[in-house]
Amino acid sequence: MPYRELIMVDIKEMFRRRAAGQSARHVARATGFDRKTVGRYFEAATTLPLPCDREPTDEEIHAIAQRVQARPVPDTSEEWKENGTHRARIEAWLAQPRPLKLTKIHVLLKRDHGVSASYGTLRRFAMEELAWRKKTPTVRVADTESGGIAQVDFGLMGGLFDPATQRVRNLWVLVVTLAYSRYQFVWPSFEQTTTAVCAGLDTAWKFFGAMARVILPDNMKAIVLRADELAVVLVPAFLDYTQTRGLFVDAARVRSPKDKARVENHVAYGKPPTHPRTKRR
């Protein structure tokens, strides 16, 4: 199968993590790139040569990309194309309440549809194209070092009069909680934009007196362009912010509040107290 060609910002992020001491396996897991793809770029960097502890310049990134992406893309085999013509049929068999075994599907394709592809090719096709037997990603929750991770989330506080617009608007707070100490910072804002998030984070770093190494945010639109369990795509403006500040982002999974439980539990502390209703006699 053809490998994925990366754009300049992707390659820069890959080598930024390499300069921080992350292995190819770690970089692949954090960015969602295939580990073999990461290995090819790292191997190409050794031909410059590029030291492991230094981020490449734009000219060096361009040279590395040319070395990797100049490789000819192999043609798809005829057996793979055969399976591709029956993709919908294979997908339906695997999606049944009681899915057919892949060995049975191979027999049916060969007997009823004249497919000559081997079982090994069918198995690779099902795994790569249809995510067959794709393992559920494991989220490792481990104690971090002091200042290692900061969990980030937005919370709605309620309506508040805005003098600038002369109307009542929803007031949000950006909550930043250090995972190690549970030290908390709250930043009020009428907006949930990327600019507001960056301003809130910069103020949080001043408040804490240092920056965290990794931030673990919710999949808020100001940060995450496309949510994915393995290959999260960040908003370009926020990716530029993290690269400028030397931060790494490990976004939580969609609808998985336990991934950022320490900040999730702290959002309630930023809300104003509610008064119980007076009971009528």
# chains A, B, ... in the order shown; residues from 1 in each chain; ligands from 1
$ residues_around --residues "segment 261-265 of chain A" --least-positions-apart "6" --cutoff "9 Å" --atoms "only C-alpha atoms" --output "PyMOL selection string"
chain A and resi 150-153+175-179+182+184
$ atom_distance --atom1 "atom CA of Pro236 of chain A" --atom2 "atom CA of Ile223 of chain A"
8.7 Å
$ closest_residue --among "A:Ala131, A:Gln166, A:Met211, A:Ala70" --to "Gly147 of chain A" --atoms "only C-alpha atoms"
A:Met211
$ decode --residues "segment 64-176 of chain A" --atoms "C-alpha atoms" --output "mmCIF file, in the first residue's frame"
data_model
loop_
_atom_site.group_PDB
_atom_site.id
_atom_site.type_symbol
_atom_site.label_atom_id
_atom_site.label_comp_id
_atom_site.auth_asym_id
_atom_site.auth_seq_id
_atom_site.Cartn_x
_atom_site.Cartn_y
_atom_site.Cartn_z
ATOM 1 C CA ILE A 64 14.438 15.262 4.084
ATOM 2 C CA ALA A 65 10.994 15.333 2.457
ATOM 3 C CA GLN A 66 12.562 15.124 -1.003
ATOM 4 C CA ARG A 67 14.599 12.063 0.013
ATOM 5 C CA VAL A 68 11.545 10.246 1.363
ATOM 6 C CA GLN A 69 8.786 11.349 -0.974
ATOM 7 C CA ALA A 70 10.827 10.931 -4.141
ATOM 8 C CA ARG A 71 10.425 7.161 -3.815
ATOM 9 C CA PRO A 72 8.091 5.653 -6.449
ATOM 10 C CA VAL A 73 4.754 4.486 -5.110
ATOM 11 C CA PRO A 74 4.361 0.737 -5.706
ATOM 12 C CA ASP A 75 1.466 -0.337 -7.886
ATOM 13 C CA THR A 76 -1.496 -2.048 -6.259
ATOM 14 C CA SER A 77 -1.429 -5.791 -6.857
ATOM 15 C CA GLU A 78 -4.123 -7.492 -8.933
ATOM 16 C CA GLU A 79 -5.202 -9.573 -5.935
ATOM 17 C CA TRP A 80 -5.683 -6.409 -3.878
ATOM 18 C CA LYS A 81 -7.764 -4.892 -6.689
ATOM 19 C CA GLU A 82 -9.902 -8.042 -6.777
ATOM 20 C CA ASN A 83 -10.730 -7.660 -3.113
ATOM 21 C CA GLY A 84 -11.383 -3.973 -3.682
ATOM 22 C CA THR A 85 -14.123 -4.683 -6.208
ATOM 23 C CA HIS A 86 -15.953 -6.702 -3.521
ATOM 24 C CA ARG A 87 -15.260 -4.242 -0.705
ATOM 25 C CA ALA A 88 -18.932 -3.528 0.062
ATOM 26 C CA ARG A 89 -19.757 -7.235 0.127
ATOM 27 C CA ILE A 90 -16.863 -8.077 2.459
ATOM 28 C CA GLU A 91 -17.710 -5.138 4.713
ATOM 29 C CA ALA A 92 -21.354 -6.274 4.944
ATOM 30 C CA TRP A 93 -20.341 -9.823 5.875
ATOM 31 C CA LEU A 94 -18.082 -8.533 8.623
ATOM 32 C CA ALA A 95 -20.710 -6.079 9.928
ATOM 33 C CA GLN A 96 -23.463 -8.668 10.457
ATOM 34 C CA PRO A 97 -24.738 -9.259 14.014
ATOM 35 C CA ARG A 98 -22.946 -12.574 13.771
ATOM 36 C CA PRO A 99 -20.102 -11.743 11.373
ATOM 37 C CA LEU A 100 -18.762 -14.403 9.073
ATOM 38 C CA LYS A 101 -15.296 -15.720 9.690
ATOM 39 C CA LEU A 102 -12.745 -14.389 7.265
ATOM 40 C CA THR A 103 -11.919 -17.922 6.150
ATOM 41 C CA LYS A 104 -15.593 -18.387 5.222
ATOM 42 C CA ILE A 105 -15.594 -15.076 3.346
ATOM 43 C CA HIS A 106 -12.529 -16.216 1.416
ATOM 44 C CA VAL A 107 -14.322 -19.420 0.398
ATOM 45 C CA LEU A 108 -17.457 -17.524 -0.697
ATOM 46 C CA LEU A 109 -15.469 -15.028 -2.753
ATOM 47 C CA LYS A 110 -13.548 -17.796 -4.463
ATOM 48 C CA ARG A 111 -16.533 -20.090 -5.035
ATOM 49 C CA ASP A 112 -19.305 -17.632 -5.919
ATOM 50 C CA HIS A 113 -17.457 -14.645 -7.354
ATOM 51 C CA GLY A 114 -14.348 -16.121 -8.920
ATOM 52 C CA VAL A 115 -11.873 -14.200 -6.759
ATOM 53 C CA SER A 116 -8.420 -15.771 -6.990
ATOM 54 C CA ALA A 117 -6.762 -13.654 -4.282
ATOM 55 C CA SER A 118 -5.070 -15.573 -1.490
ATOM 56 C CA TYR A 119 -6.358 -15.649 2.061
ATOM 57 C CA GLY A 120 -3.286 -13.691 3.214
ATOM 58 C CA THR A 121 -4.099 -10.848 0.810
ATOM 59 C CA LEU A 122 -7.729 -10.852 1.936
ATOM 60 C CA ARG A 123 -6.643 -10.737 5.553
ATOM 61 C CA ARG A 124 -4.324 -7.760 4.962
ATOM 62 C CA PHE A 125 -7.069 -6.039 2.952
ATOM 63 C CA ALA A 126 -9.603 -6.496 5.753
ATOM 64 C CA MET A 127 -7.187 -5.212 8.389
ATOM 65 C CA GLU A 128 -5.889 -2.178 6.471
ATOM 66 C CA GLU A 129 -8.985 -1.130 4.546
ATOM 67 C CA LEU A 130 -11.829 -2.240 6.829
ATOM 68 C CA ALA A 131 -10.140 -2.020 10.258
ATOM 69 C CA TRP A 132 -10.900 -5.696 10.860
ATOM 70 C CA ARG A 133 -9.731 -6.814 14.303
ATOM 71 C CA LYS A 134 -8.439 -3.344 14.998
ATOM 72 C CA LYS A 135 -7.355 -3.248 18.596
ATOM 73 C CA THR A 136 -8.991 -0.773 20.937
ATOM 74 C CA PRO A 137 -6.360 1.810 21.842
ATOM 75 C CA THR A 138 -5.084 1.533 25.387
ATOM 76 C CA VAL A 139 -4.993 4.765 27.354
ATOM 77 C CA ARG A 140 -2.284 4.581 29.935
ATOM 78 C CA VAL A 141 -2.996 6.673 33.026
ATOM 79 C CA ALA A 142 0.190 7.006 35.019
ATOM 80 C CA ASP A 143 1.470 9.445 37.601
ATOM 81 C CA THR A 144 3.461 12.176 35.944
ATOM 82 C CA GLU A 145 6.403 14.186 37.121
ATOM 83 C CA SER A 146 5.895 17.634 38.568
ATOM 84 C CA GLY A 147 4.921 20.072 35.810
ATOM 85 C CA GLY A 148 4.739 17.282 33.254
ATOM 86 C CA ILE A 149 1.078 17.442 32.208
ATOM 87 C CA ALA A 150 -1.563 20.158 32.363
ATOM 88 C CA GLN A 151 -5.176 19.159 31.704
ATOM 89 C CA VAL A 152 -7.318 21.797 29.981
ATOM 90 C CA ASP A 153 -11.086 22.173 29.667
ATOM 91 C CA PHE A 154 -13.799 24.800 29.122
ATOM 92 C CA GLY A 155 -16.761 25.195 31.476
ATOM 93 C CA LEU A 156 -19.942 27.252 31.091
ATOM 94 C CA MET A 157 -20.534 29.574 34.049
ATOM 95 C CA GLY A 158 -23.827 31.141 32.934
ATOM 96 C CA GLY A 159 -24.991 34.495 31.612
ATOM 97 C CA LEU A 160 -23.146 37.736 32.385
ATOM 98 C CA PHE A 161 -23.654 41.293 31.159
ATOM 99 C CA ASP A 162 -20.966 42.307 28.668
ATOM 100 C CA PRO A 163 -20.346 46.090 28.670
ATOM 101 C CA ALA A 164 -18.684 45.884 25.248
ATOM 102 C CA THR A 165 -21.799 44.524 23.526
ATOM 103 C CA GLN A 166 -24.370 45.838 26.022
ATOM 104 C CA ARG A 167 -26.046 42.455 26.310
ATOM 105 C CA VAL A 168 -25.973 39.320 28.407
ATOM 106 C CA ARG A 169 -23.592 36.708 27.025
ATOM 107 C CA ASN A 170 -22.495 33.243 28.053
ATOM 108 C CA LEU A 171 -19.404 33.390 30.226
ATOM 109 C CA TRP A 172 -16.923 30.537 29.831
ATOM 110 C CA VAL A 173 -13.879 29.708 31.892
ATOM 111 C CA LEU A 174 -10.766 27.979 30.684
ATOM 112 C CA VAL A 175 -9.643 25.686 33.492
ATOM 113 C CA VAL A 176 -6.007 24.531 33.557
#
